[in-house]
Amino acid sequence: MSAGEAFVTLATTDSYCKGAIVVARSLQRHGTTRSTVVMVTPNISEQSRFALKDVFDEVITVDVMDSDDRLHLSWLGRPDLGITFTKIHCWTLTQYSKCVFLDADTLVLCNVDELFERDELSAAPDPGWPDCFNSGVFVFRPSLHTHSRLLDHALQHGSFDGGDQGLLNSVFSSWAAEDISKHLPFVYNLSGSSFYSYLPAFRQFGHNAKIVHFLGAVKPWSSSSQRDESCSHTMEQFVSLWWKEYLSSTPSSEA
Ligand code: UDP
Ligand code: MN
């Protein structure tokens with residue numbers, strides 16, 4: 001059963017490859033029995049590709065410009081949706097029956113294989129608007145039909161937030177009210193904003209975090225001056241953990 005299931009992430013730049021490596025390593029550290037897959041674009045360096053091959057079961061090059069004429073056209077018409085189109089490409093991974101997508105800026109803190117007990121589309125609430133799900137962590141079923149629906153919707157309506165999260169929330173619009181089993185607990189997608197908006201809850205429940213999401217412009221791999229400015233002190237302990245994981249996987253790294 002687990003052979004047909006995979007954790008999937010995405011990296012379109014060498015920086016995000018660093019994050020992707022940590023996603024794979026942190027999944028493996030906690031003994032996942034599922035496959036690990038990274039989708040990459042052709043522009044990433046040989047060095048990054050090599051590092052990814054070392055830790056992922058599958059490195060899939062997503063050449064969005066060639067692979068599908070319709071997608072090619074839609075990309076030309078909507079260059080703003082580039083990353084979104086690349087991310088929703090995960091629905092084409094039909095060699096797997098079920099997958100969990102993790103943003104490359106997430107860090108897994110324990111075994112989360114139980115996520116595969118959930119159905120499409122399961123995700124955690126977005127801290128900014130909890131009737132929307134955050135698209136940094138979600139359970140989905142690869143399907144070319146669903147992929148087409150997503151593309152068509154993007155082409156016709158774009159995305160209300162300009163990214164994949166707006167598109168996915170429009171297409172899976174029943175998420176907010178229909179089926180509570182599709183609401184992942186917040187600890188599966190814990191972002192720093194909870195620190196600012198509800199500090200007592202963070203203090204009470206933060207240690208239950210299962211997946212941390214470094215949402216926003218400043219990532220763990222950003223320069224330390226950028227990180228200092230962002231003053232997300234709470235997340236500091238998680239940023240340290242991220243670096244520990246990153247350095248453990250790249251002994252010769254310059255970082
Ligand atoms: N991503 C990427 N290259 C980019 C931007 C995004 O590969 O230039 C991928 C990556 O997997 C990332 C995800 O798309 O984690 C969503 O972007 P990001 O995490 O930066 O958005 P946020 O979670 O901060 O809203
Ligand atoms: Mn993210």
# chains A, B, ... in the order shown; residues from 1 in each chain; ligands from 1
>>> residues_near_ligand(ligand="ligand 1", cutoff="9 Å", atoms="only C-alpha atoms and all ligand atoms", output="ChimeraX atom specification")
/A:9-17,19-20,39-41,83-84,86-87,102-106,134-136,163-165,213-219
>>> write_last_selection(atoms="N, CA and C atoms", output="short mmCIF file (atom, residue, chain, number, x, y, z; two decimals), in the first residue's frame")
data_model
loop_
_atom_site.label_atom_id
_atom_site.label_comp_id
_atom_site.auth_asym_id
_atom_site.auth_seq_id
_atom_site.Cartn_x
_atom_site.Cartn_y
_atom_site.Cartn_z
N THR A 9 7.50 17.48 -2.86
CA THR A 9 7.78 18.90 -2.69
C THR A 9 8.23 19.48 -4.03
N LEU A 10 8.58 20.75 -4.02
CA LEU A 10 8.88 21.46 -5.26
C LEU A 10 10.02 22.44 -5.04
N ALA A 11 10.93 22.50 -6.01
CA ALA A 11 12.00 23.51 -5.94
C ALA A 11 12.28 24.02 -7.35
N THR A 12 12.10 25.31 -7.55
CA THR A 12 12.36 25.90 -8.87
C THR A 12 13.63 26.75 -8.87
N THR A 13 14.28 26.87 -7.71
CA THR A 13 15.54 27.63 -7.64
C THR A 13 16.50 26.86 -6.74
N ASP A 14 17.77 27.20 -6.82
CA ASP A 14 18.76 26.53 -5.98
C ASP A 14 18.51 26.80 -4.50
N SER A 15 18.00 27.98 -4.16
CA SER A 15 17.70 28.26 -2.75
C SER A 15 16.63 27.32 -2.22
N TYR A 16 15.55 27.18 -2.99
CA TYR A 16 14.48 26.29 -2.53
C TYR A 16 14.94 24.83 -2.50
N CYS A 17 15.98 24.51 -3.28
CA CYS A 17 16.53 23.14 -3.21
C CYS A 17 17.06 22.85 -1.81
N GLY A 19 15.87 23.99 0.93
CA GLY A 19 14.70 23.65 1.73
C GLY A 19 14.20 22.25 1.44
N ALA A 20 14.19 21.90 0.15
CA ALA A 20 13.69 20.57 -0.24
C ALA A 20 14.53 19.46 0.39
N MET A 39 9.82 17.73 -7.28
CA MET A 39 9.67 18.25 -8.64
C MET A 39 10.62 19.44 -8.77
N VAL A 40 11.38 19.46 -9.86
CA VAL A 40 12.31 20.56 -10.08
C VAL A 40 12.12 21.10 -11.49
N THR A 41 12.55 22.33 -11.70
CA THR A 41 12.52 22.92 -13.04
C THR A 41 13.92 22.80 -13.64
N ILE A 83 4.78 29.82 -10.82
CA ILE A 83 5.05 28.87 -9.75
C ILE A 83 3.81 28.04 -9.44
N THR A 84 2.65 28.71 -9.56
CA THR A 84 1.39 28.00 -9.30
C THR A 84 1.22 26.84 -10.25
N THR A 86 3.48 25.28 -11.76
CA THR A 86 4.48 24.25 -11.47
C THR A 86 4.03 23.41 -10.27
N LYS A 87 3.48 24.09 -9.27
CA LYS A 87 3.06 23.34 -8.07
C LYS A 87 1.91 22.39 -8.37
N LEU A 102 4.32 18.93 0.53
CA LEU A 102 4.93 19.78 1.56
C LEU A 102 5.70 20.88 0.86
N ASP A 103 5.45 22.13 1.21
CA ASP A 103 6.27 23.22 0.69
C ASP A 103 7.73 22.95 1.03
N ALA A 104 8.63 23.50 0.21
CA ALA A 104 10.06 23.32 0.47
C ALA A 104 10.51 24.09 1.71
N ASP A 105 9.66 24.98 2.22
CA ASP A 105 10.03 25.72 3.43
C ASP A 105 9.35 25.13 4.68
N THR A 106 9.18 23.81 4.67
CA THR A 106 8.65 23.14 5.87
C THR A 106 9.73 22.27 6.48
N ASN A 134 -4.26 26.54 4.22
CA ASN A 134 -2.92 26.92 3.79
C ASN A 134 -2.40 25.82 2.87
N SER A 135 -1.84 26.22 1.73
CA SER A 135 -1.45 25.22 0.73
C SER A 135 0.02 24.79 0.87
N GLY A 136 0.59 25.01 2.06
CA GLY A 136 1.96 24.54 2.29
C GLY A 136 2.03 23.06 2.65
N GLY A 163 -1.45 33.25 -6.27
CA GLY A 163 -0.63 32.05 -6.07
C GLY A 163 -1.47 30.79 -6.07
N ASP A 164 -0.80 29.69 -5.74
CA ASP A 164 -1.50 28.40 -5.77
C ASP A 164 -2.58 28.31 -4.70
N GLN A 165 -2.35 28.99 -3.56
CA GLN A 165 -3.30 28.86 -2.46
C GLN A 165 -4.68 29.42 -2.84
N HIS A 213 6.24 25.44 9.33
CA HIS A 213 6.22 26.05 8.01
C HIS A 213 6.80 27.46 8.11
N PHE A 214 7.91 27.69 7.44
CA PHE A 214 8.57 29.01 7.48
C PHE A 214 7.98 29.91 6.41
N LEU A 215 6.70 30.17 6.58
CA LEU A 215 5.91 30.94 5.63
C LEU A 215 6.40 32.40 5.62
N GLY A 216 6.34 33.04 4.46
CA GLY A 216 6.71 34.45 4.36
C GLY A 216 8.01 34.65 3.60
N ALA A 217 8.40 35.91 3.50
CA ALA A 217 9.53 36.27 2.63
C ALA A 217 10.87 35.78 3.17
N VAL A 218 10.99 35.69 4.49
CA VAL A 218 12.29 35.32 5.07
C VAL A 218 12.29 33.83 5.40
N LYS A 219 13.24 33.12 4.82
CA LYS A 219 13.34 31.67 4.99
C LYS A 219 14.55 31.34 5.86
#
>>> select_by_dssp(residues="region 101-131 of chain A", states="strand (DSSP E or B)", output="PyMOL selection string")
chain A and resi 101-102+106-108+122-125
>>> write_last_selection(atoms="N, CA and C atoms", output="mmCIF file, in the first residue's frame")
data_model
loop_
_atom_site.group_PDB
_atom_site.id
_atom_site.type_symbol
_atom_site.label_atom_id
_atom_site.label_comp_id
_atom_site.auth_asym_id
_atom_site.auth_seq_id
_atom_site.Cartn_x
_atom_site.Cartn_y
_atom_site.Cartn_z
ATOM 1 N N PHE A 101 1.606 16.850 -0.210
ATOM 2 C CA PHE A 101 2.506 17.904 -0.679
ATOM 3 C C PHE A 101 3.015 18.687 0.524
ATOM 4 N N LEU A 102 4.317 18.931 0.531
ATOM 5 C CA LEU A 102 4.928 19.779 1.565
ATOM 6 C C LEU A 102 5.704 20.880 0.862
ATOM 7 N N THR A 106 9.178 23.811 4.673
ATOM 8 C CA THR A 106 8.646 23.142 5.868
ATOM 9 C C THR A 106 9.733 22.268 6.484
ATOM 10 N N LEU A 107 9.527 21.940 7.757
ATOM 11 C CA LEU A 107 10.446 21.074 8.502
ATOM 12 C C LEU A 107 9.585 20.077 9.270
ATOM 13 N N VAL A 108 9.840 18.795 9.055
ATOM 14 C CA VAL A 108 9.040 17.753 9.695
ATOM 15 C C VAL A 108 9.689 17.376 11.020
ATOM 16 N N SER A 122 -7.166 17.454 2.049
ATOM 17 C CA SER A 122 -7.037 17.747 3.471
ATOM 18 C C SER A 122 -5.891 18.720 3.670
ATOM 19 N N ALA A 123 -6.118 19.706 4.527
ATOM 20 C CA ALA A 123 -5.104 20.727 4.781
ATOM 21 C C ALA A 123 -5.458 21.435 6.079
ATOM 22 N N ALA A 124 -4.517 22.214 6.579
ATOM 23 C CA ALA A 124 -4.728 22.952 7.824
ATOM 24 C C ALA A 124 -5.192 24.371 7.506
ATOM 25 N N PRO A 125 -5.888 24.996 8.446
ATOM 26 C CA PRO A 125 -6.360 26.364 8.211
ATOM 27 C C PRO A 125 -5.211 27.344 8.015
#
>>> atom_distance(atom1="CA of Phe140 (chain A)", atom2="CA of Asp179 (chain A)")
14.9 Å
>>> closest_residue(among="A:Asp126, A:Glu114, A:Glu178, A:Asp131", to="Leu190 (chain A)", atoms="only C-alpha atoms")
A:Asp126
>>> closest_residue(among="A:His207, A:Tyr196, A:Ser26, A:Ser191", to="ligand 2", atoms="only C-alpha atoms and all ligand atoms")
A:Ser191
>>> residues_around(residues="Cys99 (chain A)", least_positions_apart="3", cutoff="7 Å", atoms="only C-alpha atoms", output="tab-separated table (two decimals) with N, CA and C atoms, in the first residue's frame")
chain	number	residue	atom	x	y	z
A	5	GLU	N	2.36	5.55	-2.38
A	5	GLU	CA	2.12	6.83	-1.70
A	5	GLU	C	3.43	7.59	-1.53
A	6	ALA	N	3.35	8.90	-1.64
A	6	ALA	CA	4.59	9.68	-1.62
A	6	ALA	C	4.38	11.05	-0.99
A	7	PHE	N	5.45	11.52	-0.37
A	7	PHE	CA	5.55	12.93	-0.01
A	7	PHE	C	6.17	13.66	-1.19
A	8	VAL	N	5.61	14.81	-1.53
A	8	VAL	CA	6.04	15.54	-2.73
A	8	VAL	C	6.38	16.98	-2.34
A	96	TYR	N	1.45	7.45	-8.36
A	96	TYR	CA	1.11	7.35	-6.94
A	96	TYR	C	-0.40	7.49	-6.77
A	139	VAL	N	-3.00	17.00	1.54
A	139	VAL	CA	-3.14	15.62	1.06
A	139	VAL	C	-3.94	15.67	-0.24
A	140	PHE	N	-3.46	14.96	-1.27
A	140	PHE	CA	-4.18	14.98	-2.55
A	140	PHE	C	-4.05	13.64	-3.26
A	141	ARG	N	-4.92	13.46	-4.26
A	141	ARG	CA	-4.89	12.27	-5.11
A	141	ARG	C	-4.50	12.68	-6.51
>>> atom_distance(atom1="CA of Gly31 (chain A)", atom2="CA of Asn111 (chain A)")
6.4 Å
>>> residues_around(residues="Gly166 (chain A)", least_positions_apart="5", cutoff="12 Å", atoms="only C-alpha atoms", output="NGL selection string")
:A and (81 or 84 or 126 or 129 or 131-135 or 150 or 153-154 or 157-161 or 171-173)
>>> write_last_selection(atoms="C-alpha atoms", output="tab-separated table (two decimals), in the first residue's frame")
chain	number	residue	atom	x	y	z
A	81	LEU	CA	1.02	32.13	-12.31
A	84	THR	CA	1.39	28.00	-9.30
A	126	ASP	CA	-4.47	29.41	7.05
A	129	TRP	CA	-8.04	33.59	7.07
A	131	ASP	CA	-11.80	29.55	6.35
A	132	CYS	CA	-9.10	29.10	3.74
A	133	PHE	CA	-6.63	26.26	3.97
A	134	ASN	CA	-2.92	26.92	3.79
A	135	SER	CA	-1.45	25.22	0.73
A	150	LEU	CA	-7.16	23.21	-11.92
A	153	HIS	CA	-9.85	27.32	-13.46
A	154	ALA	CA	-6.51	29.14	-13.38
A	157	HIS	CA	-10.31	32.97	-13.25
A	158	GLY	CA	-6.64	33.31	-12.31
A	159	SER	CA	-6.02	33.14	-8.60
A	160	PHE	CA	-7.50	35.56	-6.08
A	161	ASP	CA	-4.17	35.81	-4.24
A	171	VAL	CA	-11.44	24.82	-6.65
A	172	PHE	CA	-11.69	22.95	-3.33
A	173	SER	CA	-14.13	25.53	-2.02
>>> closest_residue(among="A:Tyr198, A:Ala177, A:Thr36, A:Asn189", to="ligand 2", atoms="only C-alpha atoms and all ligand atoms")
A:Asn189
>>> atom_distance(atom1="CA of Tyr188 (chain A)", atom2="CA of Ile211 (chain A)")
4.8 Å
>>> closest_residue(among="A:Val212, A:Ala24, A:Ile88, A:Ile180", to="ligand 2", atoms="only C-alpha atoms and all ligand atoms")
A:Val212
>>> closest_residue(among="A:Asn208, A:Thr61, A:Gln28, A:Ser35", to="Lys98 (chain A)", atoms="only C-alpha atoms")
A:Ser35
>>> select_by_dssp(residues="region 22-255 of chain A", states="alpha helix (DSSP H)", output="VMD selection string")
chain A and resid 22 to 29 46 to 55 64 to 67 69 to 77 82 to 88 144 to 157 164 to 171 193 to 197 199 to 205 224 to 230 236 to 249
>>> closest_residue(among="A:Asp63, A:Glu58, A:Asp113, A:Glu236", to="His89 (chain A)", atoms="only C-alpha atoms")
A:Asp63
